[in-house]
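Below is the file query.pdb, which contains PDB, C-alpha atoms and all ligand atoms.
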```
ATOM      1  CA  MET B  14       2.120  20.930 -30.738
ATOM      2  CA  LYS B  15       1.359  18.091 -28.352
ATOM      3  CA  PRO B  16       2.302  18.645 -24.698
ATOM      4  CA  GLU B  17       5.536  16.994 -23.637
ATOM      5  CA  VAL B  18       5.287  14.170 -21.089
ATOM      6  CA  VAL B  19       7.896  12.233 -19.106
ATOM      7  CA  LEU B  20       7.088   8.549 -18.580
ATOM      8  CA  TYR B  21       9.133   6.869 -15.838
ATOM      9  CA  LYS B  22       7.633   3.385 -15.957
ATOM     10  CA  THR B  23       7.093   0.901 -18.762
ATOM     11  CA  LEU B  24       3.508   0.733 -19.982
ATOM     12  CA  PRO B  25       1.684  -1.997 -21.943
ATOM     13  CA  ASP B  26       1.845  -1.235 -25.697
ATOM     14  CA  ASP B  27      -1.794  -0.211 -26.096
ATOM     15  CA  LEU B  28      -1.588   2.226 -23.190
ATOM     16  CA  ARG B  29       1.665   3.649 -24.472
ATOM     17  CA  ALA B  30      -0.047   4.187 -27.844
ATOM     18  CA  ARG B  31      -2.913   5.981 -26.138
ATOM     19  CA  LEU B  32      -0.446   8.264 -24.375
ATOM     20  CA  ASP B  33       1.424   8.875 -27.662
ATOM     21  CA  ALA B  34      -1.829   9.891 -29.345
ATOM     22  CA  HIS B  35      -2.139  12.810 -26.937
ATOM     23  CA  PHE B  36       1.417  13.736 -26.006
ATOM     24  CA  THR B  37       5.033  13.727 -27.086
ATOM     25  CA  VAL B  38       6.269  11.071 -24.687
ATOM     26  CA  THR B  39       9.826  10.324 -23.571
ATOM     27  CA  THR B  40      10.533   7.270 -21.439
ATOM     28  CA  ILE B  41      13.256   7.494 -18.816
ATOM     29  CA  LYS B  42      14.461   4.918 -16.321
ATOM     30  CA  GLY B  43      13.666   6.780 -13.098
ATOM     31  CA  LEU B  44      13.806  10.197 -11.482
ATOM     32  CA  THR B  45      17.221  10.124  -9.847
ATOM     33  CA  PRO B  46      19.133  13.454  -9.870
ATOM     34  CA  GLU B  47      21.580  11.931 -12.396
ATOM     35  CA  ILE B  48      18.790  10.994 -14.833
ATOM     36  CA  VAL B  49      17.101  14.364 -14.365
ATOM     37  CA  ASP B  50      20.367  16.217 -15.041
ATOM     38  CA  GLU B  51      21.036  14.096 -18.103
ATOM     39  CA  HIS B  52      17.612  15.056 -19.511
ATOM     40  CA  ALA B  53      17.529  18.607 -18.173
ATOM     41  CA  ASP B  54      15.971  20.078 -21.361
ATOM     42  CA  LEU B  55      13.213  17.490 -21.414
ATOM     43  CA  PHE B  56      12.361  18.163 -17.773
ATOM     44  CA  ALA B  57      12.390  21.898 -18.419
ATOM     45  CA  ARG B  58       9.785  21.433 -21.200
ATOM     46  CA  ALA B  59       7.578  18.697 -19.700
ATOM     47  CA  GLU B  60       3.988  19.533 -18.841
ATOM     48  CA  GLY B  61       3.160  16.112 -17.459
ATOM     49  CA  ILE B  62       4.824  13.157 -15.713
ATOM     50  CA  ILE B  63       3.509   9.649 -15.238
ATOM     51  CA  GLY B  64       4.996   6.631 -13.433
ATOM     52  CA  SER B  65       5.394   5.198  -9.954
ATOM     53  CA  SER B  66       7.750   4.383  -7.105
ATOM     54  CA  CYS B  67      10.008   7.473  -7.473
ATOM     55  CA  LYS B  68      10.315  10.571  -5.308
ATOM     56  CA  VAL B  69       8.897  13.790  -6.725
ATOM     57  CA  ASP B  70      10.194  16.477  -4.391
ATOM     58  CA  ASP B  71      10.703  20.209  -4.407
ATOM     59  CA  ALA B  72      14.206  19.902  -5.920
ATOM     60  CA  LEU B  73      12.781  18.023  -8.914
ATOM     61  CA  LEU B  74       9.860  20.423  -9.315
ATOM     62  CA  GLN B  75      12.289  23.351  -9.482
ATOM     63  CA  LYS B  76      13.659  21.762 -12.643
ATOM     64  CA  MET B  77      10.175  21.410 -14.163
ATOM     65  CA  PRO B  78       8.848  24.976 -14.533
ATOM     66  CA  LYS B  79       6.194  23.942 -17.094
ATOM     67  CA  LEU B  80       4.799  20.973 -15.170
ATOM     68  CA  ARG B  81       0.995  21.071 -14.897
ATOM     69  CA  ALA B  82       0.046  17.511 -13.972
ATOM     70  CA  ALA B  83       1.593  14.457 -12.286
ATOM     71  CA  SER B  84      -0.074  11.067 -12.576
ATOM     72  CA  THR B  85       1.024   8.273 -10.261
ATOM     73  CA  ILE B  86       0.297   4.621 -11.048
ATOM     74  CA  SER B  87      -0.616   3.959  -7.428
ATOM     75  CA  VAL B  88      -3.149   4.885  -4.813
ATOM     76  CA  GLY B  89      -0.452   5.987  -2.350
ATOM     77  CA  TYR B  90       1.178   9.342  -3.035
ATOM     78  CA  ASP B  91       3.690   9.567  -0.210
ATOM     79  CA  ASN B  92       6.425   9.847  -2.861
ATOM     80  CA  PHE B  93       5.098  13.304  -3.740
ATOM     81  CA  ASP B  94       5.671  16.579  -1.932
ATOM     82  CA  VAL B  95       2.025  17.603  -2.144
ATOM     83  CA  ASP B  96       2.606  21.029  -0.544
ATOM     84  CA  ALA B  97       5.204  21.826  -3.202
ATOM     85  CA  LEU B  98       2.776  20.684  -5.930
ATOM     86  CA  ASN B  99       0.003  22.810  -4.447
ATOM     87  CA  GLN B 100       2.205  25.888  -4.279
ATOM     88  CA  ARG B 101       2.964  25.519  -7.969
ATOM     89  CA  GLY B 102      -0.647  24.731  -8.928
ATOM     90  CA  ILE B 103       0.309  21.262 -10.226
ATOM     91  CA  VAL B 104      -2.482  18.728 -10.155
ATOM     92  CA  LEU B 105      -1.717  15.256  -8.724
ATOM     93  CA  MET B 106      -3.724  12.260  -9.975
ATOM     94  CA  HIS B 107      -3.743   8.724  -8.531
ATOM     95  CA  THR B 108      -5.548   5.379  -8.895
ATOM     96  CA  PRO B 109      -7.649   4.935  -5.744
ATOM     97  CA  THR B 110     -10.406   2.558  -6.887
ATOM     98  CA  VAL B 111      -9.102  -0.060  -9.298
ATOM     99  CA  LEU B 112      -6.813  -1.873  -6.836
ATOM    100  CA  THR B 113      -9.105  -2.074  -3.811
ATOM    101  CA  GLU B 114     -10.271  -5.683  -4.081
ATOM    102  CA  THR B 115      -6.831  -6.999  -5.073
ATOM    103  CA  VAL B 116      -5.101  -5.381  -2.091
ATOM    104  CA  ALA B 117      -7.819  -6.694   0.232
ATOM    105  CA  ASP B 118      -7.151 -10.175  -1.192
ATOM    106  CA  THR B 119      -3.448  -9.716  -0.406
ATOM    107  CA  MET B 120      -4.287  -8.746   3.173
ATOM    108  CA  MET B 121      -6.484 -11.797   3.609
ATOM    109  CA  ALA B 122      -3.689 -13.939   2.157
ATOM    110  CA  LEU B 123      -1.352 -12.527   4.820
ATOM    111  CA  VAL B 124      -3.910 -13.190   7.557
ATOM    112  CA  LEU B 125      -4.342 -16.798   6.480
ATOM    113  CA  SER B 126      -0.714 -17.546   5.742
ATOM    114  CA  SER B 127       0.610 -16.094   8.983
ATOM    115  CA  ALA B 128      -2.059 -17.725  11.180
ATOM    116  CA  ARG B 129      -1.857 -21.134   9.498
ATOM    117  CA  ARG B 130       1.909 -20.909   8.869
ATOM    118  CA  VAL B 131       1.308 -21.696   5.206
ATOM    119  CA  VAL B 132       4.686 -20.532   3.905
ATOM    120  CA  GLU B 133       6.665 -22.157   6.708
ATOM    121  CA  VAL B 134       5.017 -25.594   6.529
ATOM    122  CA  ALA B 135       4.971 -25.614   2.719
ATOM    123  CA  GLY B 136       8.726 -25.051   2.947
ATOM    124  CA  ARG B 137       9.011 -28.047   5.268
ATOM    125  CA  VAL B 138       7.141 -30.221   2.764
ATOM    126  CA  LYS B 139       9.463 -29.123  -0.040
ATOM    127  CA  ALA B 140      12.451 -29.848   2.173
ATOM    128  CA  GLY B 141      11.237 -33.453   2.565
ATOM    129  CA  GLU B 142      10.410 -33.061   6.264
ATOM    130  CA  TRP B 143       6.819 -34.418   6.003
ATOM    131  CA  GLN B 144       7.501 -38.013   6.881
ATOM    132  CA  ARG B 145       4.655 -38.870   9.248
ATOM    133  CA  SER B 146       1.283 -37.494  10.233
ATOM    134  CA  ILE B 147       1.954 -33.964  11.505
ATOM    135  CA  GLY B 148       1.866 -33.017  15.194
ATOM    136  CA  PRO B 149       1.248 -29.794  17.123
ATOM    137  CA  ASP B 150       4.597 -28.324  16.125
ATOM    138  CA  TRP B 151       3.105 -27.877  12.636
ATOM    139  CA  PHE B 152      -0.246 -26.489  13.816
ATOM    140  CA  GLY B 153      -1.405 -22.931  13.318
ATOM    141  CA  ILE B 154      -4.178 -20.904  14.901
ATOM    142  CA  ASP B 155      -7.725 -20.336  13.661
ATOM    143  CA  VAL B 156      -8.731 -17.346  11.609
ATOM    144  CA  HIS B 157     -12.517 -17.795  11.352
ATOM    145  CA  HIS B 158     -14.568 -16.075  14.050
ATOM    146  CA  LYS B 159     -11.510 -14.350  15.535
ATOM    147  CA  LYS B 160     -11.631 -10.579  16.090
ATOM    148  CA  MET B 161     -10.466  -8.655  13.057
ATOM    149  CA  GLY B 162      -9.035  -5.231  13.924
ATOM    150  CA  ILE B 163      -8.734  -2.801  11.036
ATOM    151  CA  LEU B 164      -6.637   0.330  11.351
ATOM    152  CA  GLY B 165      -7.736   2.728   8.629
ATOM    153  CA  MET B 166     -11.223   2.248   7.223
ATOM    154  CA  GLY B 167     -10.784   3.456   3.655
ATOM    155  CA  ARG B 168     -11.809   1.570   0.533
ATOM    156  CA  ILE B 169      -9.334  -1.237   1.204
ATOM    157  CA  GLY B 170     -10.272  -1.511   4.877
ATOM    158  CA  LEU B 171     -13.899  -1.839   3.830
ATOM    159  CA  ALA B 172     -13.126  -4.566   1.275
ATOM    160  CA  LEU B 173     -11.128  -6.430   3.931
ATOM    161  CA  ALA B 174     -14.013  -6.120   6.399
ATOM    162  CA  GLN B 175     -16.337  -7.599   3.768
ATOM    163  CA  ARG B 176     -14.102 -10.657   3.348
ATOM    164  CA  ALA B 177     -13.425 -11.106   7.057
ATOM    165  CA  HIS B 178     -16.987 -10.626   8.232
ATOM    166  CA  HIS B 179     -19.040 -12.296   5.524
ATOM    167  CA  GLY B 180     -16.441 -14.869   4.506
ATOM    168  CA  PHE B 181     -14.870 -15.819   7.826
ATOM    169  CA  GLY B 182     -17.532 -14.834  10.382
ATOM    170  CA  MET B 183     -15.116 -12.434  12.066
ATOM    171  CA  PRO B 184     -16.388  -9.608  14.273
ATOM    172  CA  ILE B 185     -14.879  -6.334  13.003
ATOM    173  CA  LEU B 186     -13.323  -3.658  15.205
ATOM    174  CA  TYR B 187     -11.829  -0.591  13.630
ATOM    175  CA  ASN B 188     -10.089   2.648  14.258
ATOM    176  CA  ALA B 189     -10.007   5.480  11.765
ATOM    177  CA  ARG B 190     -10.069   9.248  11.748
ATOM    178  CA  ARG B 191     -13.854   9.150  11.740
ATOM    179  CA  HIS B 192     -16.764   6.750  12.092
ATOM    180  CA  HIS B 193     -17.560   4.818   8.942
ATOM    181  CA  GLU B 194     -21.292   4.417   8.598
ATOM    182  CA  GLU B 195     -21.144   1.907   5.759
ATOM    183  CA  ALA B 196     -18.753  -0.380   7.682
ATOM    184  CA  GLU B 197     -21.008  -0.209  10.721
ATOM    185  CA  THR B 198     -24.165  -0.985   8.738
ATOM    186  CA  ARG B 199     -22.809  -3.656   6.407
ATOM    187  CA  PHE B 200     -20.424  -5.456   8.763
ATOM    188  CA  ASN B 201     -21.595  -4.390  12.200
ATOM    189  CA  ALA B 202     -18.091  -2.951  12.587
ATOM    190  CA  GLN B 203     -17.436  -1.398  15.978
ATOM    191  CA  TYR B 204     -15.487   1.829  16.165
ATOM    192  CA  CYS B 205     -12.934   1.913  18.975
ATOM    193  CA  ASP B 206     -10.019   4.058  20.078
ATOM    194  CA  LEU B 207      -6.568   2.820  19.143
ATOM    195  CA  ASP B 208      -5.778   1.394  22.595
ATOM    196  CA  THR B 209      -8.984  -0.653  22.655
ATOM    197  CA  LEU B 210      -8.335  -1.894  19.134
ATOM    198  CA  LEU B 211      -4.819  -2.994  20.113
ATOM    199  CA  GLN B 212      -6.008  -4.734  23.269
ATOM    200  CA  GLU B 213      -8.987  -6.533  21.780
ATOM    201  CA  CYS B 214      -8.124  -7.691  18.293
ATOM    202  CA  ASP B 215      -6.676 -11.038  17.252
ATOM    203  CA  PHE B 216      -5.499  -9.605  13.925
ATOM    204  CA  LEU B 217      -4.371  -6.020  13.586
ATOM    205  CA  CYS B 218      -4.601  -5.186   9.889
ATOM    206  CA  ILE B 219      -3.013  -1.890   8.963
ATOM    207  CA  SER B 220      -4.332  -0.181   5.879
ATOM    208  CA  LEU B 221      -3.162   3.392   6.334
ATOM    209  CA  PRO B 222      -1.429   5.820   4.020
ATOM    210  CA  LEU B 223       1.943   7.191   5.112
ATOM    211  CA  THR B 224       1.676  10.746   6.400
ATOM    212  CA  GLY B 225       3.297  12.839   9.125
ATOM    213  CA  GLN B 226       0.565  11.572  11.467
ATOM    214  CA  THR B 227       0.836   7.867  10.653
ATOM    215  CA  HIS B 228       4.651   7.559  10.646
ATOM    216  CA  HIS B 229       5.604   5.027  13.391
ATOM    217  CA  MET B 230       2.027   5.057  14.641
ATOM    218  CA  ILE B 231       2.620   1.482  15.783
ATOM    219  CA  GLY B 232       5.729   1.284  17.944
ATOM    220  CA  ARG B 233       6.937  -0.423  21.102
ATOM    221  CA  GLU B 234       4.256   1.086  23.322
ATOM    222  CA  GLN B 235       1.424   0.069  20.977
ATOM    223  CA  LEU B 236       2.769  -3.441  20.362
ATOM    224  CA  ALA B 237       2.989  -3.968  24.136
ATOM    225  CA  LYS B 238      -0.778  -3.430  24.350
ATOM    226  CA  MET B 239      -1.578  -6.252  21.938
ATOM    227  CA  LYS B 240      -2.434  -9.829  22.955
ATOM    228  CA  PRO B 241       0.524 -12.249  22.913
ATOM    229  CA  SER B 242      -1.582 -14.364  20.537
ATOM    230  CA  ALA B 243      -2.212 -11.454  18.135
ATOM    231  CA  ILE B 244      -0.936 -11.191  14.581
ATOM    232  CA  LEU B 245       0.018  -7.896  12.913
ATOM    233  CA  ILE B 246      -0.610  -7.457   9.196
ATOM    234  CA  ASN B 247       0.749  -4.461   7.300
ATOM    235  CA  ALA B 248      -0.074  -3.875   3.645
ATOM    236  CA  GLY B 249      -0.284  -0.068   3.729
ATOM    237  CA  ARG B 250       3.129   1.554   4.035
ATOM    238  CA  GLY B 251       6.111   0.138   5.930
ATOM    239  CA  PRO B 252       7.032   3.207   8.006
ATOM    240  CA  VAL B 253       3.602   3.233   9.692
ATOM    241  CA  VAL B 254       5.154   0.505  11.879
ATOM    242  CA  ASP B 255       8.429   1.019  13.736
ATOM    243  CA  GLU B 256      10.216  -1.997  12.241
ATOM    244  CA  GLN B 257      12.852  -2.316  14.967
ATOM    245  CA  ALA B 258      10.122  -2.317  17.622
ATOM    246  CA  LEU B 259       8.222  -4.928  15.616
ATOM    247  CA  ILE B 260      11.295  -7.164  15.338
ATOM    248  CA  ALA B 261      11.784  -6.933  19.103
ATOM    249  CA  ALA B 262       8.096  -7.734  19.739
ATOM    250  CA  LEU B 263       8.242 -10.768  17.435
ATOM    251  CA  LYS B 264      11.444 -12.029  19.041
ATOM    252  CA  ASP B 265      10.298 -11.752  22.639
ATOM    253  CA  LYS B 266       6.769 -12.983  21.781
ATOM    254  CA  THR B 267       5.027  -9.750  22.757
ATOM    255  CA  ILE B 268       2.935 -10.663  19.709
ATOM    256  CA  HIS B 269       2.554 -14.001  17.973
ATOM    257  CA  ALA B 270       3.412 -13.286  14.339
ATOM    258  CA  ALA B 271       3.399 -10.761  11.500
ATOM    259  CA  GLY B 272       2.391 -10.789   7.854
ATOM    260  CA  LEU B 273       4.080  -7.972   5.974
ATOM    261  CA  ASP B 274       3.809  -6.726   2.416
ATOM    262  CA  VAL B 275       5.518  -3.389   3.071
ATOM    263  CA  PHE B 276       8.701  -2.371   4.871
ATOM    264  CA  GLU B 277      10.579   0.681   6.052
ATOM    265  CA  GLN B 278      13.078   0.085   3.268
ATOM    266  CA  GLU B 279      12.035  -1.541  -0.016
ATOM    267  CA  PRO B 280      13.287  -3.835  -1.390
ATOM    268  CA  LEU B 281      13.746  -5.348   2.068
ATOM    269  CA  PRO B 282      17.506  -5.677   2.662
ATOM    270  CA  ALA B 283      18.579  -9.327   2.451
ATOM    271  CA  ASP B 284      20.139  -9.106   5.918
ATOM    272  CA  SER B 285      16.936  -7.853   7.583
ATOM    273  CA  GLU B 286      16.281  -9.609  10.879
ATOM    274  CA  LEU B 287      12.678 -10.055   9.759
ATOM    275  CA  LEU B 288      13.851 -12.704   7.315
ATOM    276  CA  LYS B 289      15.352 -14.773  10.109
ATOM    277  CA  LEU B 290      12.143 -14.974  12.124
ATOM    278  CA  PRO B 291       9.946 -18.041  11.548
ATOM    279  CA  ASN B 292       6.858 -16.123  12.693
ATOM    280  CA  VAL B 293       7.084 -13.613   9.812
ATOM    281  CA  VAL B 294       5.570 -13.875   6.361
ATOM    282  CA  ALA B 295       7.343 -11.286   4.188
ATOM    283  CA  LEU B 296       6.050 -10.459   0.702
ATOM    284  CA  PRO B 297       7.713  -8.204  -1.893
ATOM    285  CA  HIS B 298       5.019  -5.460  -1.910
ATOM    286  CA  ILE B 299       2.582  -7.495  -4.008
ATOM    287  CA  GLY B 300      -0.529  -5.671  -2.723
ATOM    288  CA  SER B 301      -1.854  -4.708  -6.152
ATOM    289  CA  ALA B 302       0.443  -6.944  -8.179
ATOM    290  CA  THR B 303      -1.836  -8.975 -10.419
ATOM    291  CA  HIS B 304      -1.772  -8.683 -14.207
ATOM    292  CA  GLU B 305      -5.364  -7.439 -14.273
ATOM    293  CA  THR B 306      -5.002  -4.850 -11.552
ATOM    294  CA  ARG B 307      -1.629  -3.472 -12.611
ATOM    295  CA  TYR B 308      -3.051  -3.066 -16.124
ATOM    296  CA  GLY B 309      -6.102  -1.303 -14.676
ATOM    297  CA  MET B 310      -3.907   1.019 -12.617
ATOM    298  CA  ALA B 311      -1.777   1.929 -15.632
ATOM    299  CA  ARG B 312      -4.914   2.486 -17.738
ATOM    300  CA  ASP B 313      -6.461   4.740 -15.080
ATOM    301  CA  ALA B 314      -3.210   6.679 -14.686
ATOM    302  CA  VAL B 315      -3.019   7.297 -18.454
ATOM    303  CA  GLU B 316      -6.639   8.475 -18.553
ATOM    304  CA  ASN B 317      -6.010  10.619 -15.469
ATOM    305  CA  LEU B 318      -3.114  12.393 -17.185
ATOM    306  CA  ILE B 319      -5.096  12.941 -20.374
ATOM    307  CA  ALA B 320      -7.963  14.438 -18.371
ATOM    308  CA  ALA B 321      -5.670  16.566 -16.194
ATOM    309  CA  LEU B 322      -3.709  18.093 -19.080
ATOM    310  CA  ALA B 323      -6.986  18.767 -20.911
ATOM    311  CA  GLY B 324      -8.324  20.537 -17.819
ATOM    312  CA  LYS B 325     -11.142  18.007 -17.512
ATOM    313  CA  VAL B 326     -10.552  16.433 -14.115
ATOM    314  CA  GLU B 327     -13.606  14.720 -12.693
ATOM    315  CA  LYS B 328     -12.141  12.074 -10.396
ATOM    316  CA  ASN B 329      -8.955  10.529  -8.982
ATOM    317  CA  CYS B 330      -7.461  13.883  -8.042
ATOM    318  CA  VAL B 331      -5.465  14.256  -4.816
ATOM    319  CA  ASN B 332      -5.461  18.076  -4.737
ATOM    320  CA  PRO B 333      -8.575  19.346  -6.566
ATOM    321  CA  GLN B 334      -8.181  22.707  -4.810
ATOM    322  CA  VAL B 335      -5.422  23.644  -7.290
ATOM    323  CA  LEU B 336      -7.982  23.459 -10.087
ATOM    324  CA  ARG B 337     -10.054  26.225  -8.607
TER     325      ARG B 337
HETATM  326  C1  LIG P 401       2.055  -0.301  -6.013
HETATM  327  C2  LIG P 401       0.912   0.707  -3.987
HETATM  328  O1  LIG P 401       2.749  -1.424  -5.628
HETATM  329  O2  LIG P 401      -0.828   1.779  -5.132
HETATM  330  C3  LIG P 401      -0.036   1.830  -4.208
HETATM  331  O3  LIG P 401       0.009   2.785  -3.437
HETATM  332  O4  LIG P 401       1.569   0.614  -3.023
HETATM  333  C4  LIG P 401       1.004  -0.355  -5.000
HETATM  334  O5  LIG P 401      -0.210  -0.676  -5.535
HETATM  335  C5  LIG P 401       3.183   0.633  -6.173
HETATM  336  O6  LIG P 401       2.870   1.943  -6.005
HETATM  337  C6  LIG P 401       3.894   0.403  -7.504
HETATM  338  O7  LIG P 401       3.097   0.760  -8.595
END
```
Take the structure in the file and write it out as structure tokens.
Ligand code: 8YV
Amino acid sequence: MKPEVVLYKTLPDDLRARLDAHFTVTTIKGLTPEIVDEHADLFARAEGIIGSSCKVDDALLQKMPKLRAASTISVGYDNFDVDALNQRGIVLMHTPTVLTETVADTMMALVLSSARRVVEVAGRVKAGEWQRSIGPDWFGIDVHHKKMGILGMGRIGLALAQRAHHGFGMPILYNARRHHEEAETRFNAQYCDLDTLLQECDFLCISLPLTGQTHHMIGREQLAKMKPSAILINAGRGPVVDEQALIAALKDKTIHAAGLDVFEQEPLPADSELLKLPNVVALPHIGSATHETRYGMARDAVENLIAALAGKVEKNCVNPQVLR
């Protein structure tokens, strides 16, 4: 008998076939309480789950007594109650490596588009407003050789530093839980405390996971420390920034602009004040969203689940302590 697996995201055909070769797979449309109740027997039998963008909390785990492994098609795992997984000895797998370069590209796109007002002026061209040689009201600000501040020096922070330093000649400042030797050697990155980072950088690029410690780490007080010419970029998780404080800072010009791929609520509500501000570039959480990378993430997640349910975990595990 093959182990039973719940799939809560559509997979490319070849990856679905790979999953089917190992497990009895049932696809469902999400993990809402209604869907879970409707498929109560399936959840009671399932030994594995795989998907993304749905909450896996203690209430759900109570309905999955046989669950041994969860595989998320993402690097972030803030949707999971990791303590509850640990208590039940359930292994959590994620996709930390395959999306690094793509997300760093997205961050650089936000840096460039918010500084050079790419989206705004392209909109003016489409609206037929380009009728003479442009003047200062269409100008942006330079990116090259400005100070790049990186908050969170993980894999993505490092890939961003590589682009900013070697591609754009930007000095790199960073703040993280600990010094990052590789960033310091390869990019001459300077470690600084959060206040210094806020005060000195021209771009504050946030690449942090969402945890109890990082929730609203950037709020009114922190924004007030930034330069009025500074631009905030967030492509980690929305709630790391207090969105109401950010809106206020953008309105009263405490900071110059923001480039955002993530929000406190996603999808971003259509009536969000952020959408009314000309100094905001808002993207629909496209960080890893290329065909190649999303395929790679799905492939890694499938392999992660196969390895986890076979008891052969070697990498990509969030809580390896449960294996011991
Ligand atoms: C995905 C992400 O957009 O990996 C992550 O943590 O935020 C993104 O790459 C998202 O999880 C949907 O798959």
Apply the PyMOL selection byres (((not hetatm)) within 7 of (chain P and resi 401)) to the displayed file and report the matching residues as a ChimeraX atom specification.
/B:65-66,86-90,112,298-302
Residues selected by the PyMOL selection byres (((chain B and resi 24-29) around 12) and not hetatm), written as a compact mmCIF listing (two decimals) with C-alpha atoms, keeping the file's coordinate frame:
```txt
# COMPACT_ATOMS: atom_id res chain seq x y z
CA VAL B 18 5.29 14.17 -21.09
CA VAL B 19 7.90 12.23 -19.11
CA LEU B 20 7.09 8.55 -18.58
CA TYR B 21 9.13 6.87 -15.84
CA LYS B 22 7.63 3.38 -15.96
CA THR B 23 7.09 0.90 -18.76
CA ALA B 30 -0.05 4.19 -27.84
CA ARG B 31 -2.91 5.98 -26.14
CA LEU B 32 -0.45 8.26 -24.38
CA ASP B 33 1.42 8.88 -27.66
CA ALA B 34 -1.83 9.89 -29.34
CA HIS B 35 -2.14 12.81 -26.94
CA PHE B 36 1.42 13.74 -26.01
CA THR B 37 5.03 13.73 -27.09
CA VAL B 38 6.27 11.07 -24.69
CA THR B 39 9.83 10.32 -23.57
CA THR B 40 10.53 7.27 -21.44
CA ILE B 41 13.26 7.49 -18.82
CA ILE B 63 3.51 9.65 -15.24
CA GLY B 64 5.00 6.63 -13.43
CA SER B 65 5.39 5.20 -9.95
CA ILE B 86 0.30 4.62 -11.05
CA HIS B 304 -1.77 -8.68 -14.21
CA GLU B 305 -5.36 -7.44 -14.27
CA ARG B 307 -1.63 -3.47 -12.61
CA TYR B 308 -3.05 -3.07 -16.12
CA GLY B 309 -6.10 -1.30 -14.68
CA MET B 310 -3.91 1.02 -12.62
CA ALA B 311 -1.78 1.93 -15.63
CA ARG B 312 -4.91 2.49 -17.74
CA ASP B 313 -6.46 4.74 -15.08
CA ALA B 314 -3.21 6.68 -14.69
CA VAL B 315 -3.02 7.30 -18.45
CA GLU B 316 -6.64 8.48 -18.55
CA LEU B 318 -3.11 12.39 -17.18
CA ILE B 319 -5.10 12.94 -20.37
```
Return as a PDB file with C-alpha atoms, keeping the file's coordinate frame the set of residues that the PyMOL selection byres (((chain B and resi 232-247) around 8) and not hetatm) yields on the displayed structure.
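Done, and the output landed in selection.pdb:
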```pdb
ATOM      1  CA  MET B 120      -4.287  -8.746   3.173  1.00  0.00           C
ATOM      2  CA  LEU B 123      -1.352 -12.527   4.820  1.00  0.00           C
ATOM      3  CA  VAL B 124      -3.910 -13.190   7.557  1.00  0.00           C
ATOM      4  CA  SER B 127       0.610 -16.094   8.983  1.00  0.00           C
ATOM      5  CA  ALA B 128      -2.059 -17.725  11.180  1.00  0.00           C
ATOM      6  CA  ASP B 208      -5.778   1.394  22.595  1.00  0.00           C
ATOM      7  CA  LEU B 211      -4.819  -2.994  20.113  1.00  0.00           C
ATOM      8  CA  GLN B 212      -6.008  -4.734  23.269  1.00  0.00           C
ATOM      9  CA  GLU B 213      -8.987  -6.533  21.780  1.00  0.00           C
ATOM     10  CA  CYS B 214      -8.124  -7.691  18.293  1.00  0.00           C
ATOM     11  CA  ASP B 215      -6.676 -11.038  17.252  1.00  0.00           C
ATOM     12  CA  PHE B 216      -5.499  -9.605  13.925  1.00  0.00           C
ATOM     13  CA  LEU B 217      -4.371  -6.020  13.586  1.00  0.00           C
ATOM     14  CA  CYS B 218      -4.601  -5.186   9.889  1.00  0.00           C
ATOM     15  CA  ILE B 219      -3.013  -1.890   8.963  1.00  0.00           C
ATOM     16  CA  SER B 220      -4.332  -0.181   5.879  1.00  0.00           C
ATOM     17  CA  HIS B 229       5.604   5.027  13.391  1.00  0.00           C
ATOM     18  CA  MET B 230       2.027   5.057  14.641  1.00  0.00           C
ATOM     19  CA  ILE B 231       2.620   1.482  15.783  1.00  0.00           C
ATOM     20  CA  ALA B 248      -0.074  -3.875   3.645  1.00  0.00           C
ATOM     21  CA  GLY B 249      -0.284  -0.068   3.729  1.00  0.00           C
ATOM     22  CA  ARG B 250       3.129   1.554   4.035  1.00  0.00           C
ATOM     23  CA  GLY B 251       6.111   0.138   5.930  1.00  0.00           C
ATOM     24  CA  VAL B 254       5.154   0.505  11.879  1.00  0.00           C
ATOM     25  CA  ASP B 255       8.429   1.019  13.736  1.00  0.00           C
ATOM     26  CA  GLU B 256      10.216  -1.997  12.241  1.00  0.00           C
ATOM     27  CA  ALA B 258      10.122  -2.317  17.622  1.00  0.00           C
ATOM     28  CA  LEU B 259       8.222  -4.928  15.616  1.00  0.00           C
ATOM     29  CA  ALA B 262       8.096  -7.734  19.739  1.00  0.00           C
ATOM     30  CA  LYS B 266       6.769 -12.983  21.781  1.00  0.00           C
ATOM     31  CA  THR B 267       5.027  -9.750  22.757  1.00  0.00           C
ATOM     32  CA  ILE B 268       2.935 -10.663  19.709  1.00  0.00           C
ATOM     33  CA  HIS B 269       2.554 -14.001  17.973  1.00  0.00           C
ATOM     34  CA  ALA B 270       3.412 -13.286  14.339  1.00  0.00           C
ATOM     35  CA  ALA B 271       3.399 -10.761  11.500  1.00  0.00           C
ATOM     36  CA  GLY B 272       2.391 -10.789   7.854  1.00  0.00           C
ATOM     37  CA  LEU B 273       4.080  -7.972   5.974  1.00  0.00           C
ATOM     38  CA  ASP B 274       3.809  -6.726   2.416  1.00  0.00           C
ATOM     39  CA  VAL B 275       5.518  -3.389   3.071  1.00  0.00           C
TER      40      VAL B 275
END
```
Sel. within 12 Å of pt (8.6, 29.2, -15.6), counting all atoms listed in the file, output as number ranges by chain:
B: 56-60, 74-81, 101
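Excluding B:Asp150 itself and same-chain residues fewer than 5 positions from it, the residues having an atom within 12 Å of it are Arg129, Arg130, Glu133, Val134 and Arg137 of chain B, counting all atoms listed in the file.
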Using only C-alpha atoms, pick whichever of B:Pro149, B:Asn292, B:Pro252, B:Thr110 has the shortest atom-to-atom distance to B:Asp91.
B:Pro252
From (-15.3, -3.2, 11.1), in the file's coordinates, out to 7 Å: which residues are reached, counting only C-alpha atoms? Answer as an MDAnalysis selection string.
chainID B and resid 163 174 185:187 196:197 200:203
